[in-house]
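Before any comments, here is the structure.
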Amino acid sequence: MAEKLLKFVSINRSMPDKRSAGDRRDDFGEIYADFAAKSAQVQASRCSQCGVPFCQVHCPLNNNIPDWLKLTAEGRLEEA
């Protein structure tokens, strides 16, 4: 399992592309385009699985972000 995580040093952070303001104005959709499943899996693998996950305290749903990232890195998107 360790090989699926802790890649924050070797993989650069990336975000989905921003949608144009015109498109967003027409549909009030999200600012960012959808993440492809493979891209989400790669980005989730960057999680450091730290002992005190500061990312978790910022989740408005109080989700356990390290667990969510672990499931995503394993390709288990439905469970995540």
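Residue names in the structure tokens use chain letters A, B, ... in the order shown, residue numbers from 1 in each chain, and ligand numbers from 1 in the order shown.
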Write out as number ranges by chain each polymer residue whose atoms come within 6 Å of range 32-35 of chain A, counting only C-alpha atoms; drop sequence neighbours fewer than 3 positions from it.
A: 16-19, 40
For Lys70 in chain A, the closest of A:Ala44, A:Arg25, A:Asn12, A:Cys55 counting only C-alpha atoms is A:Ala44
Distance criterion (only C-alpha atoms): nearest to Leu71 in chain A out of A:Ser10, A:Gln56, A:Ser20, A:Gln43
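For Leu71 in chain A, the nearest of the given residues is A:Gln43.
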Helix (DSSP H, G or I) positions in range 6-74 of chain A, given as an NGL selection string
:A and (21-27 or 37-44 or 54-57 or 65-73)
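Residues within 10 Å of Asn64 in chain A, counting only C-alpha atoms and excluding same-chain residues fewer than 5 positions away, are Pro53, Cys55, Gln56, Val57, Cys59, Leu69 and Ala80 of chain A.
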Selection file, all heavy atoms, as a PDB file, in the first residue's frame:
ATOM      1  N   PRO A  53      -3.663  15.388  10.198  1.00  0.00           N
ATOM      2  CA  PRO A  53      -4.059  15.882   8.877  1.00  0.00           C
ATOM      3  C   PRO A  53      -4.782  17.228   8.932  1.00  0.00           C
ATOM      4  O   PRO A  53      -5.978  17.299   9.165  1.00  0.00           O
ATOM      5  CB  PRO A  53      -4.975  14.780   8.360  1.00  0.00           C
ATOM      6  CG  PRO A  53      -5.541  14.169   9.591  1.00  0.00           C
ATOM      7  CD  PRO A  53      -4.474  14.272  10.646  1.00  0.00           C
ATOM      8  N   CYS A  55      -5.524  19.052   6.573  1.00  0.00           N
ATOM      9  CA  CYS A  55      -6.503  19.139   5.487  1.00  0.00           C
ATOM     10  C   CYS A  55      -7.886  18.758   5.978  1.00  0.00           C
ATOM     11  O   CYS A  55      -8.900  19.273   5.506  1.00  0.00           O
ATOM     12  CB  CYS A  55      -6.091  18.241   4.323  1.00  0.00           C
ATOM     13  SG  CYS A  55      -5.921  16.491   4.763  1.00  0.00           S
ATOM     14  N   GLN A  56      -7.964  17.879   6.942  1.00  0.00           N
ATOM     15  CA  GLN A  56      -9.240  17.359   7.432  1.00  0.00           C
ATOM     16  C   GLN A  56     -10.053  18.424   8.157  1.00  0.00           C
ATOM     17  O   GLN A  56     -11.269  18.459   8.040  1.00  0.00           O
ATOM     18  CB  GLN A  56      -8.984  16.188   8.358  1.00  0.00           C
ATOM     19  CG  GLN A  56     -10.226  15.445   8.777  1.00  0.00           C
ATOM     20  CD  GLN A  56      -9.879  14.173   9.503  1.00  0.00           C
ATOM     21  OE1 GLN A  56      -8.892  13.541   9.193  1.00  0.00           O
ATOM     22  NE2 GLN A  56     -10.688  13.813  10.462  1.00  0.00           N
ATOM     23  N   VAL A  57      -9.399  19.304   8.892  1.00  0.00           N
ATOM     24  CA  VAL A  57     -10.130  20.298   9.678  1.00  0.00           C
ATOM     25  C   VAL A  57     -10.821  21.322   8.785  1.00  0.00           C
ATOM     26  O   VAL A  57     -11.717  22.025   9.237  1.00  0.00           O
ATOM     27  CB  VAL A  57      -9.233  21.014  10.712  1.00  0.00           C
ATOM     28  CG1 VAL A  57      -8.658  20.022  11.708  1.00  0.00           C
ATOM     29  CG2 VAL A  57      -8.141  21.813  10.041  1.00  0.00           C
ATOM     30  N   CYS A  59     -12.462  20.527   5.949  1.00  0.00           N
ATOM     31  CA  CYS A  59     -13.553  19.901   5.205  1.00  0.00           C
ATOM     32  C   CYS A  59     -14.885  20.281   5.857  1.00  0.00           C
ATOM     33  O   CYS A  59     -15.111  19.975   7.019  1.00  0.00           O
ATOM     34  CB  CYS A  59     -13.408  18.380   5.170  1.00  0.00           C
ATOM     35  SG  CYS A  59     -14.773  17.582   4.298  1.00  0.00           S
ATOM     36  N   LEU A  69      -8.540  10.122   0.405  1.00  0.00           N
ATOM     37  CA  LEU A  69      -7.442  10.127  -0.567  1.00  0.00           C
ATOM     38  C   LEU A  69      -6.870   8.723  -0.768  1.00  0.00           C
ATOM     39  O   LEU A  69      -6.520   8.339  -1.884  1.00  0.00           O
ATOM     40  CB  LEU A  69      -6.340  11.094  -0.123  1.00  0.00           C
ATOM     41  CG  LEU A  69      -6.723  12.567  -0.204  1.00  0.00           C
ATOM     42  CD1 LEU A  69      -5.665  13.425   0.466  1.00  0.00           C
ATOM     43  CD2 LEU A  69      -6.955  12.997  -1.633  1.00  0.00           C
ATOM     44  N   ALA A  80     -14.922   6.192  -1.850  1.00  0.00           N
ATOM     45  CA  ALA A  80     -14.418   7.496  -1.414  1.00  0.00           C
ATOM     46  C   ALA A  80     -15.547   8.501  -1.402  1.00  0.00           C
ATOM     47  O   ALA A  80     -15.680   9.286  -0.486  1.00  0.00           O
ATOM     48  CB  ALA A  80     -13.289   7.971  -2.319  1.00  0.00           C
TER      49      ALA A  80
END
Straight-line distance linking CA of Val42 in chain A with CA of Gly29 in chain A, stated in Å to one decimal
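These two atoms are separated by 24.4 Å.
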Between A:Leu61, A:Ala37, A:Val9, A:Met15, which one has atoms that come closest to Ala73 in chain A, using only C-alpha atoms?
A:Ala37
In Å to one decimal, how far is CA of Ala36 in chain A from CA of Ala21 in chain A?
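Atom-to-atom, CA of Ala21 in chain A to CA of Ala36 in chain A, that is 21.1 Å.
Rounded to one decimal, CA of Gly75 in chain A and CA of Gln41 in chain A lie 6.2 Å from each other.
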